Amino acid sequence: MIYPKFFDEIETIKLKDDLAYFLGASEDGVIEFSYLDIVKTAGHSCPTVLGAYLLTLEGLKVLYKDALPKRGEIKVSFSEKVEEGVAGVIANVVTNITAATVNSGFKGINGLYSRNNLMAFEQEINSNIKFTRVDTNESIELIYDPSAFPPNPKMKELMQKCISNSASIQEQKEFSKLWQERVESISKNINKVIKVL
């Protein structure tokens with residue numbers, strides 16, 4: 001797979017997954033996600049997919065400090081409905097990383113390792129997302145705002161041409177390049193786009 005090289009410059013997310021250890025999927029129980037992994041599952045790279053990744057990266061850092069986050073033991077809350085705005089897109093990314101689901105996840109083994117009922121929408125929070133540790137009930141809320149990095153003005157016209165199949169190969173490539181340049185700018189300015197409450 002040929003992809004933008006800045007993907008490799010984005011910090012990875014490591015978690016401890018007791019289910020992966022129990023079933024032998026990971027010898028030490030450690031699971032590591034890269035931004036490229038998330039791009040593969042999402043099928044694309046955009047400010048929203050990156051934002052979901054960065055919210056999870058930064059949220060888990062604050063919540064767990066120097067310890068490895070426990071995959072399958074993190075509750076996730078959203079203020080929006082799942083079908084509202086980009087909440088569903090963000091939720092899918094967060095689910096891939098944390099394993100938290102509303103009711104479609106692994107149901108557990110003899111009461112252990114369940115990933116259901118760890119995600120909820122339409123919650124009373126004052127942020128984009130809230131992460132809560134199941135073991136300590138500590139929580140952290142975060143806001144993602146990439147508005148400081150707006151799209152290149154040329155992108156609107158180029159997108160319209162691409163959608164209407166009137167773009168040349170060169171224009172299609174230019175649109176893709178400009179799109180990922182914006183994503184890259186956001187990825188290099190985490191402190192400007194992520195706010196921890």
# chains A, B, ... in the order shown; residues from 1 in each chain; ligands from 1
call {"tool": "select_by_dssp", "arguments": {"residues": "chain A", "states": "alpha helix (DSSP H)", "output": "PyMOL selection string"}}
result
chain A and resi 18-22+35-42+47-64+87-98+154-163+169-187+190-193
call {"tool": "write_last_selection", "arguments": {"atoms": "C-alpha atoms", "output": "PDB file, in the first residue's frame"}}
result
ATOM      1  CA  ASP A  18      -6.387  -9.056  28.521  1.00  0.00           C
ATOM      2  CA  LEU A  19      -8.669 -10.839  26.042  1.00  0.00           C
ATOM      3  CA  ALA A  20      -5.957 -10.828  23.367  1.00  0.00           C
ATOM      4  CA  TYR A  21      -3.544 -12.295  25.944  1.00  0.00           C
ATOM      5  CA  PHE A  22      -6.051 -14.889  27.205  1.00  0.00           C
ATOM      6  CA  TYR A  35      -2.820   5.904  12.195  1.00  0.00           C
ATOM      7  CA  LEU A  36      -2.317   3.754   9.089  1.00  0.00           C
ATOM      8  CA  ASP A  37      -4.189   0.907  10.815  1.00  0.00           C
ATOM      9  CA  ILE A  38      -7.127   3.232  11.397  1.00  0.00           C
ATOM     10  CA  VAL A  39      -7.011   4.563   7.838  1.00  0.00           C
ATOM     11  CA  LYS A  40      -7.268   0.991   6.582  1.00  0.00           C
ATOM     12  CA  THR A  41     -10.343   0.227   8.682  1.00  0.00           C
ATOM     13  CA  ALA A  42     -11.977   3.596   7.951  1.00  0.00           C
ATOM     14  CA  PRO A  47      -9.701  15.532   9.418  1.00  0.00           C
ATOM     15  CA  THR A  48     -12.502  13.604  11.158  1.00  0.00           C
ATOM     16  CA  VAL A  49     -10.740  10.219  11.128  1.00  0.00           C
ATOM     17  CA  LEU A  50      -7.513  11.868  12.270  1.00  0.00           C
ATOM     18  CA  GLY A  51      -9.417  13.840  14.914  1.00  0.00           C
ATOM     19  CA  ALA A  52     -10.948  10.668  16.327  1.00  0.00           C
ATOM     20  CA  TYR A  53      -7.500   9.074  16.470  1.00  0.00           C
ATOM     21  CA  LEU A  54      -5.949  12.127  18.157  1.00  0.00           C
ATOM     22  CA  LEU A  55      -8.812  12.434  20.674  1.00  0.00           C
ATOM     23  CA  THR A  56      -8.221   8.821  21.679  1.00  0.00           C
ATOM     24  CA  LEU A  57      -4.425   9.175  21.731  1.00  0.00           C
ATOM     25  CA  GLU A  58      -4.443  12.301  23.889  1.00  0.00           C
ATOM     26  CA  GLY A  59      -7.366  11.242  26.077  1.00  0.00           C
ATOM     27  CA  LEU A  60      -5.792   7.927  27.022  1.00  0.00           C
ATOM     28  CA  LYS A  61      -2.441   9.601  27.712  1.00  0.00           C
ATOM     29  CA  VAL A  62      -4.028  11.910  30.265  1.00  0.00           C
ATOM     30  CA  LEU A  63      -6.293   9.238  31.735  1.00  0.00           C
ATOM     31  CA  TYR A  64      -3.635   6.559  32.197  1.00  0.00           C
ATOM     32  CA  ALA A  87     -20.313  11.109  15.667  1.00  0.00           C
ATOM     33  CA  GLY A  88     -20.670   7.697  14.035  1.00  0.00           C
ATOM     34  CA  VAL A  89     -17.408   8.048  12.119  1.00  0.00           C
ATOM     35  CA  ILE A  90     -15.571   9.068  15.286  1.00  0.00           C
ATOM     36  CA  ALA A  91     -17.213   6.252  17.234  1.00  0.00           C
ATOM     37  CA  ASN A  92     -16.068   3.647  14.704  1.00  0.00           C
ATOM     38  CA  VAL A  93     -12.462   4.781  15.040  1.00  0.00           C
ATOM     39  CA  VAL A  94     -12.682   4.824  18.841  1.00  0.00           C
ATOM     40  CA  THR A  95     -14.262   1.357  18.850  1.00  0.00           C
ATOM     41  CA  ASN A  96     -11.382  -0.033  16.786  1.00  0.00           C
ATOM     42  CA  ILE A  97      -8.879   1.275  19.302  1.00  0.00           C
ATOM     43  CA  THR A  98     -10.641   0.827  22.664  1.00  0.00           C
ATOM     44  CA  LYS A 154      -8.722  25.478  -4.484  1.00  0.00           C
ATOM     45  CA  MET A 155     -10.202  22.317  -2.971  1.00  0.00           C
ATOM     46  CA  LYS A 156     -13.860  23.282  -3.369  1.00  0.00           C
ATOM     47  CA  GLU A 157     -13.652  23.677  -7.132  1.00  0.00           C
ATOM     48  CA  LEU A 158     -11.447  20.622  -7.512  1.00  0.00           C
ATOM     49  CA  MET A 159     -13.815  18.503  -5.423  1.00  0.00           C
ATOM     50  CA  GLN A 160     -16.770  19.517  -7.568  1.00  0.00           C
ATOM     51  CA  LYS A 161     -14.851  18.536 -10.696  1.00  0.00           C
ATOM     52  CA  CYS A 162     -13.881  15.185  -9.174  1.00  0.00           C
ATOM     53  CA  ILE A 163     -17.438  14.417  -8.072  1.00  0.00           C
ATOM     54  CA  ILE A 169      -6.052  13.071 -13.794  1.00  0.00           C
ATOM     55  CA  GLN A 170      -3.789  15.942 -12.786  1.00  0.00           C
ATOM     56  CA  GLU A 171      -6.681  17.777 -11.068  1.00  0.00           C
ATOM     57  CA  GLN A 172      -7.691  14.599  -9.237  1.00  0.00           C
ATOM     58  CA  LYS A 173      -4.134  14.162  -7.992  1.00  0.00           C
ATOM     59  CA  GLU A 174      -3.944  17.805  -6.961  1.00  0.00           C
ATOM     60  CA  PHE A 175      -7.182  17.495  -4.974  1.00  0.00           C
ATOM     61  CA  SER A 176      -5.937  14.386  -3.168  1.00  0.00           C
ATOM     62  CA  LYS A 177      -2.608  16.069  -2.428  1.00  0.00           C
ATOM     63  CA  LEU A 178      -4.258  19.205  -1.012  1.00  0.00           C
ATOM     64  CA  TRP A 179      -6.662  17.076   1.048  1.00  0.00           C
ATOM     65  CA  GLN A 180      -3.846  15.145   2.710  1.00  0.00           C
ATOM     66  CA  GLU A 181      -1.755  18.280   3.185  1.00  0.00           C
ATOM     67  CA  ARG A 182      -4.530  19.609   5.417  1.00  0.00           C
ATOM     68  CA  VAL A 183      -4.642  16.340   7.361  1.00  0.00           C
ATOM     69  CA  GLU A 184      -0.867  16.488   7.751  1.00  0.00           C
ATOM     70  CA  SER A 185      -1.000  20.081   9.045  1.00  0.00           C
ATOM     71  CA  ILE A 186      -3.528  19.042  11.680  1.00  0.00           C
ATOM     72  CA  SER A 187      -1.435  16.025  12.683  1.00  0.00           C
ATOM     73  CA  ILE A 190      -2.090  18.459  18.078  1.00  0.00           C
ATOM     74  CA  ASN A 191      -1.867  21.086  20.811  1.00  0.00           C
ATOM     75  CA  LYS A 192      -3.793  23.521  18.597  1.00  0.00           C
ATOM     76  CA  VAL A 193      -6.642  21.171  17.691  1.00  0.00           C
TER      77      VAL A 193
END
call {"tool": "residues_around", "arguments": {"residues": "A:Asn137", "least_positions_apart": "3", "cutoff": "10 Å", "atoms": "only C-alpha atoms", "output": "list in words"}}
result
Ile74, Lys75, Phe131, Thr132, Arg133 and Val134 of chain A
call {"tool": "write_last_selection", "arguments": {"atoms": "N, CA and C atoms", "output": "PDB file, in the first residue's frame"}}
result
ATOM      1  N   ILE A  74     -12.575   0.672  28.985  1.00  0.00           N
ATOM      2  CA  ILE A  74     -12.683   2.130  28.825  1.00  0.00           C
ATOM      3  C   ILE A  74     -14.089   2.457  28.338  1.00  0.00           C
ATOM      4  N   LYS A  75     -14.807   3.268  29.103  1.00  0.00           N
ATOM      5  CA  LYS A  75     -16.130   3.724  28.674  1.00  0.00           C
ATOM      6  C   LYS A  75     -15.965   4.977  27.820  1.00  0.00           C
ATOM      7  N   PHE A 131     -13.856   9.942  28.003  1.00  0.00           N
ATOM      8  CA  PHE A 131     -13.315   8.617  28.274  1.00  0.00           C
ATOM      9  C   PHE A 131     -13.341   8.393  29.784  1.00  0.00           C
ATOM     10  N   THR A 132     -13.774   7.211  30.209  1.00  0.00           N
ATOM     11  CA  THR A 132     -13.824   6.881  31.632  1.00  0.00           C
ATOM     12  C   THR A 132     -13.187   5.521  31.874  1.00  0.00           C
ATOM     13  N   ARG A 133     -12.301   5.452  32.849  1.00  0.00           N
ATOM     14  CA  ARG A 133     -11.691   4.183  33.232  1.00  0.00           C
ATOM     15  C   ARG A 133     -12.698   3.360  34.032  1.00  0.00           C
ATOM     16  N   VAL A 134     -12.901   2.119  33.650  1.00  0.00           N
ATOM     17  CA  VAL A 134     -13.826   1.254  34.375  1.00  0.00           C
ATOM     18  C   VAL A 134     -13.283   0.943  35.768  1.00  0.00           C
TER      19      VAL A 134
END
call {"tool": "closest_residue", "arguments": {"among": "A:Ile2, A:Val102, A:Cys46, A:Val30", "to": "A:Pro146", "atoms": "only C-alpha atoms"}}
result
A:Cys46
call {"tool": "closest_residue", "arguments": {"among": "A:Met119, A:Ile140, A:Leu23, A:Ile13", "to": "A:Leu197", "atoms": "only C-alpha atoms"}}
result
A:Ile140
call {"tool": "closest_residue", "arguments": {"among": "A:Ser45, A:Ala99, A:Val76, A:Gly108", "to": "A:Pro4", "atoms": "only C-alpha atoms"}}
result
A:Ser45
